[in-house]
$ cat my_file_28.cif   # mmCIF, C-alpha atoms and all ligand atoms
data_structure
loop_
_atom_site.group_PDB
_atom_site.id
_atom_site.type_symbol
_atom_site.label_atom_id
_atom_site.label_comp_id
_atom_site.auth_asym_id
_atom_site.auth_seq_id
_atom_site.Cartn_x
_atom_site.Cartn_y
_atom_site.Cartn_z
ATOM 1 C CA MET B 249 14.167 15.972 1.334
ATOM 2 C CA MET B 250 10.860 14.246 1.940
ATOM 3 C CA ILE B 251 9.218 16.280 -0.842
ATOM 4 C CA ASP B 252 11.689 14.823 -3.376
ATOM 5 C CA LEU B 253 10.689 11.333 -2.288
ATOM 6 C CA LEU B 254 7.009 12.211 -2.695
ATOM 7 C CA ARG B 255 7.696 13.707 -6.116
ATOM 8 C CA THR B 256 9.303 10.529 -7.436
ATOM 9 C CA ARG B 257 7.071 7.866 -5.869
ATOM 10 C CA ARG B 258 4.880 6.052 -8.377
ATOM 11 C CA SER B 259 3.145 2.673 -8.299
ATOM 12 C CA ILE B 260 5.477 0.143 -9.919
ATOM 13 C CA ARG B 261 3.887 -3.099 -11.081
ATOM 14 C CA ARG B 262 6.778 -4.622 -13.047
ATOM 15 C CA PHE B 263 9.868 -5.896 -11.292
ATOM 16 C CA THR B 264 13.184 -7.501 -12.253
ATOM 17 C CA ALA B 265 14.021 -10.989 -10.989
ATOM 18 C CA ARG B 266 16.648 -9.627 -8.552
ATOM 19 C CA PRO B 267 15.877 -10.668 -4.978
ATOM 20 C CA LEU B 268 16.152 -8.356 -1.969
ATOM 21 C CA ASP B 269 19.040 -9.054 0.381
ATOM 22 C CA ARG B 270 18.504 -9.754 4.076
ATOM 23 C CA GLU B 271 19.651 -6.274 5.170
ATOM 24 C CA THR B 272 17.106 -4.616 2.900
ATOM 25 C CA ILE B 273 14.285 -6.846 4.131
ATOM 26 C CA ASP B 274 15.322 -6.047 7.709
ATOM 27 C CA LEU B 275 14.990 -2.319 6.947
ATOM 28 C CA PHE B 276 11.356 -2.898 5.967
ATOM 29 C CA ALA B 277 10.784 -4.785 9.228
ATOM 30 C CA GLU B 278 12.268 -1.928 11.254
ATOM 31 C CA ALA B 279 10.323 0.753 9.336
ATOM 32 C CA LEU B 280 7.046 -1.114 9.846
ATOM 33 C CA LEU B 281 7.604 -1.521 13.553
ATOM 34 C CA ARG B 282 8.298 2.231 13.815
ATOM 35 C CA SER B 283 4.923 3.087 12.224
ATOM 36 C CA PRO B 284 2.738 5.358 14.315
ATOM 37 C CA SER B 285 -0.567 3.905 15.460
ATOM 38 C CA SER B 286 -3.555 5.230 17.343
ATOM 39 C CA ARG B 287 -2.887 5.230 21.100
ATOM 40 C CA GLY B 288 0.305 3.257 20.360
ATOM 41 C CA ILE B 289 -1.728 0.043 20.308
ATOM 42 C CA ASN B 290 0.189 -1.273 17.272
ATOM 43 C CA PRO B 291 -2.722 -3.478 16.177
ATOM 44 C CA TRP B 292 -0.861 -4.731 13.135
ATOM 45 C CA GLU B 293 1.167 -7.812 12.253
ATOM 46 C CA PHE B 294 2.995 -8.432 8.999
ATOM 47 C CA ILE B 295 3.797 -11.466 6.882
ATOM 48 C CA PHE B 296 6.826 -11.144 4.605
ATOM 49 C CA ALA B 297 6.384 -13.488 1.628
ATOM 50 C CA THR B 298 9.429 -13.994 -0.607
ATOM 51 C CA GLU B 299 9.013 -17.467 -2.078
ATOM 52 C CA LYS B 300 7.976 -17.516 -5.720
ATOM 53 C CA PRO B 301 5.189 -20.137 -5.446
ATOM 54 C CA MET B 302 3.574 -18.169 -2.618
ATOM 55 C CA LEU B 303 3.934 -14.840 -4.453
ATOM 56 C CA GLU B 304 2.260 -16.472 -7.437
ATOM 57 C CA LYS B 305 -0.655 -17.641 -5.262
ATOM 58 C CA LEU B 306 -0.997 -14.199 -3.668
ATOM 59 C CA SER B 307 -1.238 -12.669 -7.150
ATOM 60 C CA HIS B 308 -4.508 -14.612 -7.564
ATOM 61 C CA ALA B 309 -6.014 -13.205 -4.361
ATOM 62 C CA LYS B 310 -8.524 -11.239 -6.425
ATOM 63 C CA VAL B 311 -9.852 -11.380 -9.946
ATOM 64 C CA CYS B 312 -7.573 -8.598 -11.188
ATOM 65 C CA HIS B 313 -5.210 -5.856 -10.058
ATOM 66 C CA ALA B 314 -3.015 -8.105 -7.900
ATOM 67 C CA GLU B 315 -1.120 -9.786 -10.775
ATOM 68 C CA PHE B 316 1.998 -7.727 -10.104
ATOM 69 C CA LEU B 317 2.570 -9.628 -6.836
ATOM 70 C CA ALA B 318 3.783 -12.645 -8.834
ATOM 71 C CA GLY B 319 6.831 -10.691 -10.007
ATOM 72 C CA ALA B 320 7.601 -8.959 -6.710
ATOM 73 C CA ALA B 321 10.630 -9.910 -4.617
ATOM 74 C CA LEU B 322 8.740 -9.254 -1.398
ATOM 75 C CA ALA B 323 5.054 -9.105 -0.554
ATOM 76 C CA VAL B 324 4.233 -7.464 2.754
ATOM 77 C CA VAL B 325 0.849 -8.754 3.908
ATOM 78 C CA ILE B 326 -0.584 -6.281 6.389
ATOM 79 C CA LEU B 327 -2.863 -7.632 9.101
ATOM 80 C CA GLY B 328 -4.877 -5.656 11.637
ATOM 81 C CA ASN B 329 -6.404 -6.702 14.932
ATOM 82 C CA GLU B 330 -9.926 -5.295 15.022
ATOM 83 C CA GLU B 331 -10.433 -6.612 18.558
ATOM 84 C CA THR B 332 -7.744 -4.320 19.976
ATOM 85 C CA SER B 333 -8.299 -1.237 17.816
ATOM 86 C CA ASP B 334 -11.313 0.375 16.167
ATOM 87 C CA VAL B 335 -8.978 2.239 13.794
ATOM 88 C CA TRP B 336 -6.910 -0.726 12.592
ATOM 89 C CA ILE B 337 -7.611 0.255 8.967
ATOM 90 C CA GLU B 338 -5.975 3.647 9.454
ATOM 91 C CA ASP B 339 -3.043 2.081 11.307
ATOM 92 C CA CYS B 340 -2.540 -0.562 8.613
ATOM 93 C CA SER B 341 -2.772 2.081 5.860
ATOM 94 C CA ILE B 342 -0.045 4.135 7.524
ATOM 95 C CA ALA B 343 2.169 1.044 7.704
ATOM 96 C CA ALA B 344 1.441 0.389 4.024
ATOM 97 C CA ILE B 345 2.495 3.852 2.864
ATOM 98 C CA ILE B 346 5.619 3.634 5.021
ATOM 99 C CA VAL B 347 6.596 0.491 3.066
ATOM 100 C CA GLN B 348 5.985 2.353 -0.193
ATOM 101 C CA LEU B 349 7.984 5.425 0.809
ATOM 102 C CA LEU B 350 10.896 3.358 2.130
ATOM 103 C CA ALA B 351 10.873 1.380 -1.132
ATOM 104 C CA THR B 352 11.132 4.623 -3.130
ATOM 105 C CA ASP B 353 13.910 5.874 -0.865
ATOM 106 C CA LEU B 354 15.866 2.632 -1.434
ATOM 107 C CA GLY B 355 15.463 2.846 -5.225
ATOM 108 C CA LEU B 356 12.905 0.035 -5.193
ATOM 109 C CA GLY B 357 9.442 -0.086 -6.735
ATOM 110 C CA SER B 358 6.223 -0.964 -4.958
ATOM 111 C CA CYS B 359 2.489 -1.195 -5.421
ATOM 112 C CA TRP B 360 -0.520 -1.618 -3.132
ATOM 113 C CA ALA B 361 -2.957 -4.520 -3.662
ATOM 114 C CA GLN B 362 -6.252 -3.816 -1.907
ATOM 115 C CA LEU B 363 -7.718 -6.931 -0.253
ATOM 116 C CA ARG B 364 -10.261 -5.709 2.295
ATOM 117 C CA ASN B 365 -13.710 -5.428 0.690
ATOM 118 C CA ARG B 366 -12.543 -7.155 -2.492
ATOM 119 C CA PRO B 367 -13.831 -10.540 -3.778
ATOM 120 C CA HIS B 368 -11.586 -13.470 -4.681
ATOM 121 C CA ASP B 369 -14.412 -15.014 -6.701
ATOM 122 C CA ALA B 370 -18.196 -15.357 -6.499
ATOM 123 C CA THR B 371 -17.959 -17.443 -3.323
ATOM 124 C CA ILE B 372 -15.189 -16.075 -1.104
ATOM 125 C CA SER B 373 -13.491 -12.783 -0.357
ATOM 126 C CA ALA B 374 -9.887 -11.944 -1.205
ATOM 127 C CA GLU B 375 -9.343 -11.699 2.529
ATOM 128 C CA ALA B 376 -10.658 -15.252 3.120
ATOM 129 C CA TYR B 377 -8.474 -16.604 0.305
ATOM 130 C CA VAL B 378 -5.309 -15.041 1.789
ATOM 131 C CA ARG B 379 -6.325 -16.042 5.330
ATOM 132 C CA GLN B 380 -6.546 -19.684 4.269
ATOM 133 C CA LEU B 381 -3.355 -19.519 2.171
ATOM 134 C CA LEU B 382 -1.212 -18.073 4.965
ATOM 135 C CA GLY B 383 -2.903 -19.604 8.028
ATOM 136 C CA ILE B 384 -3.981 -16.238 9.417
ATOM 137 C CA PRO B 385 -6.059 -16.494 12.640
ATOM 138 C CA GLU B 386 -9.627 -15.162 12.714
ATOM 139 C CA HIS B 387 -8.919 -12.209 15.025
ATOM 140 C CA LEU B 388 -6.655 -10.615 12.407
ATOM 141 C CA ARG B 389 -8.132 -8.843 9.383
ATOM 142 C CA VAL B 390 -6.231 -8.744 6.103
ATOM 143 C CA GLY B 391 -6.042 -5.164 4.882
ATOM 144 C CA MET B 392 -3.709 -4.977 1.930
ATOM 145 C CA ILE B 393 -0.539 -6.404 0.424
ATOM 146 C CA ILE B 394 2.348 -4.224 -0.716
ATOM 147 C CA GLY B 395 4.495 -5.771 -3.449
ATOM 148 C CA VAL B 396 8.123 -4.605 -3.501
ATOM 149 C CA GLY B 397 11.037 -5.263 -5.840
ATOM 150 C CA TYR B 398 13.663 -3.790 -8.122
ATOM 151 C CA PRO B 399 11.776 -1.736 -10.724
ATOM 152 C CA GLY B 400 11.273 -3.318 -14.123
ATOM 153 C CA GLU B 401 9.567 -0.206 -15.466
ATOM 154 C CA THR B 402 10.203 3.526 -15.286
ATOM 155 C CA LYS B 403 7.465 6.003 -14.504
ATOM 156 C CA MET B 404 7.735 9.745 -14.692
ATOM 157 C CA PRO B 405 6.849 11.769 -11.607
ATOM 158 C CA LEU B 406 3.411 13.351 -11.764
ATOM 159 C CA PRO B 407 4.040 16.853 -13.206
ATOM 160 C CA SER B 408 3.320 19.704 -10.773
ATOM 161 C CA GLY B 409 0.869 21.104 -13.338
ATOM 162 C CA LYS B 410 -1.348 18.053 -12.877
ATOM 163 C CA LEU B 411 -1.821 18.660 -9.169
ATOM 164 C CA ASP B 412 -5.323 19.912 -8.398
ATOM 165 C CA PHE B 413 -4.666 22.723 -5.959
ATOM 166 C CA ASN B 414 -8.416 23.433 -5.915
ATOM 167 C CA LYS B 415 -8.609 20.618 -3.406
ATOM 168 C CA ILE B 416 -6.691 22.765 -0.931
ATOM 169 C CA HIS B 417 -8.857 25.297 0.905
ATOM 170 C CA GLN B 418 -7.477 28.195 2.887
ATOM 171 C CA ASP B 419 -8.985 28.716 6.376
ATOM 172 C CA ARG B 420 -12.489 27.480 5.440
ATOM 173 C CA TYR B 421 -14.146 25.363 2.759
ATOM 174 C CA ARG B 422 -14.732 27.453 -0.361
ATOM 175 C CA PRO B 423 -16.612 25.776 -3.209
ATOM 176 C CA ARG B 424 -15.378 26.912 -6.600
ATOM 177 C CA THR B 425 -17.812 28.919 -8.667
ATOM 178 C CA SER B 426 -18.777 27.770 -12.158
ATOM 179 C CA VAL B 427 -16.862 30.798 -13.533
ATOM 180 C CA GLU B 428 -13.674 29.727 -11.732
ATOM 181 C CA ARG B 429 -14.150 26.177 -13.005
ATOM 182 C CA ALA B 430 -14.644 27.368 -16.585
ATOM 183 C CA TYR B 431 -11.424 29.395 -16.550
ATOM 184 C CA SER B 432 -9.153 26.866 -14.821
HETATM 185 C C1 LIG B 501 -6.017 2.274 -0.978
HETATM 186 C C2 LIG B 501 -5.315 1.924 -2.279
HETATM 187 C C3 LIG B 501 -5.643 0.766 -2.927
HETATM 188 C C4 LIG B 501 -4.990 0.409 -4.111
HETATM 189 N N1 LIG B 501 -5.260 -0.809 -4.677
HETATM 190 C C5 LIG B 501 -4.575 -1.184 -5.770
HETATM 191 C C6 LIG B 501 -4.763 -2.493 -6.308
HETATM 192 O O1 LIG B 501 -5.513 -3.311 -5.785
HETATM 193 N N2 LIG B 501 -4.056 -2.824 -7.420
HETATM 194 C C7 LIG B 501 -3.195 -1.946 -8.031
HETATM 195 O O2 LIG B 501 -2.602 -2.317 -9.060
HETATM 196 N N3 LIG B 501 -2.991 -0.693 -7.540
HETATM 197 C C8 LIG B 501 -3.639 -0.304 -6.422
HETATM 198 N N4 LIG B 501 -3.403 0.922 -5.863
HETATM 199 C C9 LIG B 501 -2.457 1.858 -6.517
HETATM 200 C C10 LIG B 501 -3.211 3.003 -7.189
HETATM 201 O O3 LIG B 501 -3.854 2.520 -8.348
HETATM 202 C C11 LIG B 501 -2.215 4.129 -7.502
HETATM 203 O O4 LIG B 501 -1.643 4.601 -6.309
HETATM 204 C C12 LIG B 501 -2.905 5.287 -8.225
HETATM 205 O O5 LIG B 501 -3.371 4.888 -9.480
HETATM 206 C C13 LIG B 501 -1.971 6.492 -8.412
HETATM 207 O O6 LIG B 501 -0.795 6.123 -9.122
HETATM 208 P P1 LIG B 501 0.651 6.345 -8.484
HETATM 209 O O7 LIG B 501 0.733 5.515 -7.218
HETATM 210 O O8 LIG B 501 1.636 5.880 -9.539
HETATM 211 O O9 LIG B 501 0.807 7.813 -8.175
HETATM 212 C C14 LIG B 501 -4.015 1.281 -4.675
HETATM 213 C C15 LIG B 501 -3.689 2.464 -4.004
HETATM 214 C C16 LIG B 501 -4.307 2.779 -2.818
HETATM 215 C C17 LIG B 501 -3.888 4.021 -2.068
#

$ encode --input "my_file_28.cif" --output "structure tokens"
Amino acid sequence: MMIDLLRTRRSIRRFTARPLDRETIDLFAEALLRSPSSRGINPWEFIFATEKPMLEKLSHAKVCHAEFLAGAALAVVILGNEETSDVWIEDCSIAAIIVQLLATDLGLGSCWAQLRNRPHDATISAEAYVRQLLGIPEHLRVGMIIGVGYPGETKMPLPSGKLDFNKIHQDRYRPRTSVERAYS
């Protein structure tokens, strides 16, 4: 059941050294190419990085919060063509979550590293750093990288009690009153 997958998915930032086999990597390729996109334009392209020195370099794409890429078995770099689609960000984000859900389904861990709108250092963006590192042409934007690997940490599912059902509105937007907030 899809809901079981959603219940167990967590961001995993520690991985074992076990590599992914070819068949598993091919499943990610197929899943990505089956991603829905606006008007079926498929404005994305993907780089699969598996070599340790490159994963290490990708982990330095931004000042912090990308370190986990160094320990991943696979980094899926998600690129979007902004010349062919005005909603490439949405399309790339869908592809990214498909990688994460497939990883969970396969018993793998994954985590998203945001690159768009993030600095590498005071002089260049994370996107520019990765563009140079991987030889990405100018017409493709670099959205995010999803690190995937065998989990080296265990995380509990988010308990149902922590879900904020106040964010769900029935039929029309209904702001909560201060009384409701006080008693929730
Ligand atoms: C758009 C987006 C950007 C994110 N960027 C990062 C990131 O750069 N580094 C990181 O470690 N986690 C990143 N995450 C993972 C979130 O921190 C994580 O999903 C959130 O804390 C909830 O935890 P969970 O995924 O375990 O439920 C990102 C997630 C999303 C959806």

$ axis_aligned_box --input "my_file_28.cif" --around "ligand LIG 501 (chain B)" --padding-each-side "8 Å" --output "lines of an AutoDock Vina configuration file"
center_x = -2.2
center_y = 2.3
center_z = -5.3
size_x = 23.7
size_y = 27.1
size_z = 24.6

$ closest_residue --input "my_file_28.cif" --among "B:Asn365, B:Gln418, B:Thr272, B:Ser333" --to "ligand LIG 501 (chain B)" --atoms "all atoms listed in the file"
B:Asn365

$ closest_residue --input "my_file_28.cif" --among "B:Ile394, B:Cys359, B:Leu350, B:Ala265" --to "ligand LIG 501 (chain B)" --atoms "all atoms listed in the file"
B:Cys359

$ resolve_selection --input "my_file_28.cif" --expression "the PyMOL selection byres (((chain B and resi 406-416) around 12) and not hetatm)" --output "PyMOL selection string"
chain B and resi 252+254-259+403-405+417-425+428-429+432

$ atom_distance --input "my_file_28.cif" --atom1 "atom CA of B:Ala374" --atom2 "atom CA of B:Leu268"
26.3 Å

$ residues_near_ligand --input "my_file_28.cif" --ligand "ligand LIG 501 (chain B)" --cutoff "12 Å" --atoms "all atoms listed in the file" --output "PyMOL selection string"
chain B and resi 254-262+306-317+337-338+340-346+348-349+352+357-368+374+391-395+401-407+410-411

$ resolve_selection --input "my_file_28.cif" --expression "the PyMOL selection byres (((chain B and resi 375-389) around 6) and not hetatm)" --output "PyMOL selection string"
chain B and resi 327-329+363+373-374+390

$ write_last_selection --input "my_file_28.cif" --atoms "C-alpha atoms" --output "tab-separated table (two decimals), in the frame of the given file"
chain	number	residue	atom	x	y	z
B	327	LEU	CA	-2.86	-7.63	9.10
B	328	GLY	CA	-4.88	-5.66	11.64
B	329	ASN	CA	-6.40	-6.70	14.93
B	363	LEU	CA	-7.72	-6.93	-0.25
B	373	SER	CA	-13.49	-12.78	-0.36
B	374	ALA	CA	-9.89	-11.94	-1.20
B	390	VAL	CA	-6.23	-8.74	6.10

$ atom_distance --input "my_file_28.cif" --atom1 "atom CA of B:Phe294" --atom2 "atom CA of B:Val347"
11.3 Å

$ atom_distance --input "my_file_28.cif" --atom1 "atom CA of B:Pro267" --atom2 "atom CA of B:Pro291"
29.1 Å

$ closest_residue --input "my_file_28.cif" --among "B:Ala279, B:Val396, B:Ala351, B:Ala370" --to "B:Ala318" --atoms "only C-alpha atoms"
B:Val396

$ closest_residue --input "my_file_28.cif" --among "B:Ala321, B:Thr371, B:Ser286, B:Trp292" --to "B:Val335" --atoms "all atoms listed in the file"
B:Ser286

$ closest_residue --input "my_file_28.cif" --among "B:Ala320, B:Ile289, B:Pro399, B:Trp336" --to "B:Pro301" --atoms "all atoms listed in the file"
B:Ala320

$ closest_residue --input "my_file_28.cif" --among "B:Leu354, B:Ile372, B:Met250, B:Val324" --to "B:Thr298" --atoms "all atoms listed in the file"
B:Val324

$ residues_around --input "my_file_28.cif" --residues "B:Leu281" --least-positions-apart "4" --cutoff "9 Å" --atoms "all atoms listed in the file" --output "VMD selection string"
chain B and resid 276 to 277 290 343

$ write_last_selection --input "my_file_28.cif" --atoms "C-alpha atoms" --output "PDB file, in the frame of the given file"
ATOM      1  CA  PHE B 276      11.356  -2.898   5.967  1.00  0.00           C
ATOM      2  CA  ALA B 277      10.784  -4.785   9.228  1.00  0.00           C
ATOM      3  CA  ASN B 290       0.189  -1.273  17.272  1.00  0.00           C
ATOM      4  CA  ALA B 343       2.169   1.044   7.704  1.00  0.00           C
TER       5      ALA B 343
END

$ decode --input "my_file_28.cif" --residues "stretch 397-432 of chain B" --atoms "N, CA and C atoms" --output "PDB file, in the first residue's frame"
ATOM      1  N   GLY B 397      21.344   5.177  -0.822  1.00  0.00           N
ATOM      2  CA  GLY B 397      22.255   4.089  -0.437  1.00  0.00           C
ATOM      3  C   GLY B 397      21.586   3.178   0.573  1.00  0.00           C
ATOM      4  N   TYR B 398      22.310   2.121   0.944  1.00  0.00           N
ATOM      5  CA  TYR B 398      21.787   1.238   1.998  1.00  0.00           C
ATOM      6  C   TYR B 398      21.849   1.995   3.315  1.00  0.00           C
ATOM      7  N   PRO B 399      20.754   1.990   4.082  1.00  0.00           N
ATOM      8  CA  PRO B 399      20.705   2.824   5.293  1.00  0.00           C
ATOM      9  C   PRO B 399      21.734   2.425   6.338  1.00  0.00           C
ATOM     10  N   GLY B 400      22.410   3.420   6.871  1.00  0.00           N
ATOM     11  CA  GLY B 400      23.360   3.224   7.958  1.00  0.00           C
ATOM     12  C   GLY B 400      22.811   3.799   9.251  1.00  0.00           C
ATOM     13  N   GLU B 401      21.539   4.154   9.233  1.00  0.00           N
ATOM     14  CA  GLU B 401      20.853   4.636  10.432  1.00  0.00           C
ATOM     15  C   GLU B 401      19.387   4.229  10.314  1.00  0.00           C
ATOM     16  N   THR B 402      18.749   4.130  11.493  1.00  0.00           N
ATOM     17  CA  THR B 402      17.325   3.767  11.511  1.00  0.00           C
ATOM     18  C   THR B 402      16.546   4.960  12.035  1.00  0.00           C
ATOM     19  N   LYS B 403      15.469   5.291  11.367  1.00  0.00           N
ATOM     20  CA  LYS B 403      14.621   6.377  11.861  1.00  0.00           C
ATOM     21  C   LYS B 403      13.202   5.868  12.008  1.00  0.00           C
ATOM     22  N   MET B 404      12.583   6.265  13.078  1.00  0.00           N
ATOM     23  CA  MET B 404      11.199   5.849  13.317  1.00  0.00           C
ATOM     24  C   MET B 404      10.275   6.645  12.398  1.00  0.00           C
ATOM     25  N   PRO B 405       9.189   6.015  11.958  1.00  0.00           N
ATOM     26  CA  PRO B 405       8.185   6.784  11.210  1.00  0.00           C
ATOM     27  C   PRO B 405       7.653   7.920  12.075  1.00  0.00           C
ATOM     28  N   LEU B 406       7.260   9.001  11.441  1.00  0.00           N
ATOM     29  CA  LEU B 406       6.621  10.094  12.181  1.00  0.00           C
ATOM     30  C   LEU B 406       5.313   9.563  12.782  1.00  0.00           C
ATOM     31  N   PRO B 407       5.124   9.677  14.116  1.00  0.00           N
ATOM     32  CA  PRO B 407       3.878   9.149  14.696  1.00  0.00           C
ATOM     33  C   PRO B 407       2.657   9.910  14.167  1.00  0.00           C
ATOM     34  N   SER B 408       1.551   9.182  13.999  1.00  0.00           N
ATOM     35  CA  SER B 408       0.327   9.824  13.473  1.00  0.00           C
ATOM     36  C   SER B 408      -0.063  11.024  14.329  1.00  0.00           C
ATOM     37  N   GLY B 409       0.177  10.936  15.639  1.00  0.00           N
ATOM     38  CA  GLY B 409      -0.180  12.017  16.552  1.00  0.00           C
ATOM     39  C   GLY B 409       0.552  13.316  16.292  1.00  0.00           C
ATOM     40  N   LYS B 410       1.658  13.227  15.540  1.00  0.00           N
ATOM     41  CA  LYS B 410       2.421  14.456  15.237  1.00  0.00           C
ATOM     42  C   LYS B 410       1.938  15.145  13.964  1.00  0.00           C
ATOM     43  N   LEU B 411       1.013  14.502  13.274  1.00  0.00           N
ATOM     44  CA  LEU B 411       0.529  15.111  12.022  1.00  0.00           C
ATOM     45  C   LEU B 411      -0.439  16.241  12.349  1.00  0.00           C
ATOM     46  N   ASP B 412      -0.242  17.384  11.722  1.00  0.00           N
ATOM     47  CA  ASP B 412      -1.056  18.563  12.017  1.00  0.00           C
ATOM     48  C   ASP B 412      -2.273  18.609  11.084  1.00  0.00           C
ATOM     49  N   PHE B 413      -3.315  17.936  11.497  1.00  0.00           N
ATOM     50  CA  PHE B 413      -4.515  17.870  10.663  1.00  0.00           C
ATOM     51  C   PHE B 413      -5.219  19.216  10.543  1.00  0.00           C
ATOM     52  N   ASN B 414      -4.794  20.215  11.325  1.00  0.00           N
ATOM     53  CA  ASN B 414      -5.348  21.560  11.169  1.00  0.00           C
ATOM     54  C   ASN B 414      -4.978  22.175   9.820  1.00  0.00           C
ATOM     55  N   LYS B 415      -4.003  21.579   9.172  1.00  0.00           N
ATOM     56  CA  LYS B 415      -3.606  22.091   7.861  1.00  0.00           C
ATOM     57  C   LYS B 415      -4.549  21.605   6.761  1.00  0.00           C
ATOM     58  N   ILE B 416      -5.423  20.688   7.113  1.00  0.00           N
ATOM     59  CA  ILE B 416      -6.406  20.188   6.144  1.00  0.00           C
ATOM     60  C   ILE B 416      -7.723  20.909   6.398  1.00  0.00           C
ATOM     61  N   HIS B 417      -8.254  21.535   5.354  1.00  0.00           N
ATOM     62  CA  HIS B 417      -9.508  22.289   5.482  1.00  0.00           C
ATOM     63  C   HIS B 417     -10.595  21.608   4.665  1.00  0.00           C
ATOM     64  N   GLN B 418     -11.755  21.501   5.225  1.00  0.00           N
ATOM     65  CA  GLN B 418     -12.860  20.842   4.529  1.00  0.00           C
ATOM     66  C   GLN B 418     -13.691  21.881   3.780  1.00  0.00           C
ATOM     67  N   ASP B 419     -13.782  21.729   2.472  1.00  0.00           N
ATOM     68  CA  ASP B 419     -14.635  22.520   1.571  1.00  0.00           C
ATOM     69  C   ASP B 419     -14.221  23.980   1.397  1.00  0.00           C
ATOM     70  N   ARG B 420     -13.773  24.659   2.450  1.00  0.00           N
ATOM     71  CA  ARG B 420     -13.293  26.035   2.296  1.00  0.00           C
ATOM     72  C   ARG B 420     -12.258  26.289   3.377  1.00  0.00           C
ATOM     73  N   TYR B 421     -11.457  27.367   3.195  1.00  0.00           N
ATOM     74  CA  TYR B 421     -10.438  27.664   4.195  1.00  0.00           C
ATOM     75  C   TYR B 421     -11.093  28.149   5.486  1.00  0.00           C
ATOM     76  N   ARG B 422     -10.756  27.525   6.594  1.00  0.00           N
ATOM     77  CA  ARG B 422     -11.318  27.921   7.883  1.00  0.00           C
ATOM     78  C   ARG B 422     -10.185  28.177   8.861  1.00  0.00           C
ATOM     79  N   PRO B 423      -9.877  29.451   9.129  1.00  0.00           N
ATOM     80  CA  PRO B 423      -8.825  29.732  10.111  1.00  0.00           C
ATOM     81  C   PRO B 423      -9.251  29.226  11.480  1.00  0.00           C
ATOM     82  N   ARG B 424      -8.309  28.718  12.230  1.00  0.00           N
ATOM     83  CA  ARG B 424      -8.644  28.223  13.575  1.00  0.00           C
ATOM     84  C   ARG B 424      -8.781  29.406  14.513  1.00  0.00           C
ATOM     85  N   THR B 425      -9.718  29.312  15.423  1.00  0.00           N
ATOM     86  CA  THR B 425      -9.893  30.390  16.398  1.00  0.00           C
ATOM     87  C   THR B 425      -8.843  30.230  17.498  1.00  0.00           C
ATOM     88  N   SER B 426      -8.615  31.292  18.249  1.00  0.00           N
ATOM     89  CA  SER B 426      -7.630  31.216  19.337  1.00  0.00           C
ATOM     90  C   SER B 426      -8.061  30.181  20.378  1.00  0.00           C
ATOM     91  N   VAL B 427      -9.388  30.012  20.560  1.00  0.00           N
ATOM     92  CA  VAL B 427      -9.899  29.025  21.522  1.00  0.00           C
ATOM     93  C   VAL B 427      -9.530  27.610  21.059  1.00  0.00           C
ATOM     94  N   GLU B 428      -9.751  27.346  19.763  1.00  0.00           N
ATOM     95  CA  GLU B 428      -9.401  26.029  19.213  1.00  0.00           C
ATOM     96  C   GLU B 428      -7.910  25.774  19.370  1.00  0.00           C
ATOM     97  N   ARG B 429      -7.101  26.836  19.101  1.00  0.00           N
ATOM     98  CA  ARG B 429      -5.653  26.661  19.204  1.00  0.00           C
ATOM     99  C   ARG B 429      -5.256  26.347  20.642  1.00  0.00           C
ATOM    100  N   ALA B 430      -5.882  27.030  21.589  1.00  0.00           N
ATOM    101  CA  ALA B 430      -5.528  26.858  23.002  1.00  0.00           C
ATOM    102  C   ALA B 430      -5.842  25.442  23.490  1.00  0.00           C
ATOM    103  N   TYR B 431      -6.881  24.839  22.928  1.00  0.00           N
ATOM    104  CA  TYR B 431      -7.304  23.519  23.418  1.00  0.00           C
ATOM    105  C   TYR B 431      -6.801  22.365  22.585  1.00  0.00           C
ATOM    106  N   SER B 432      -5.940  22.653  21.575  1.00  0.00           N
ATOM    107  CA  SER B 432      -5.455  21.529  20.742  1.00  0.00           C
ATOM    108  C   SER B 432      -4.130  20.997  21.280  1.00  0.00           C
TER     109      SER B 432
END
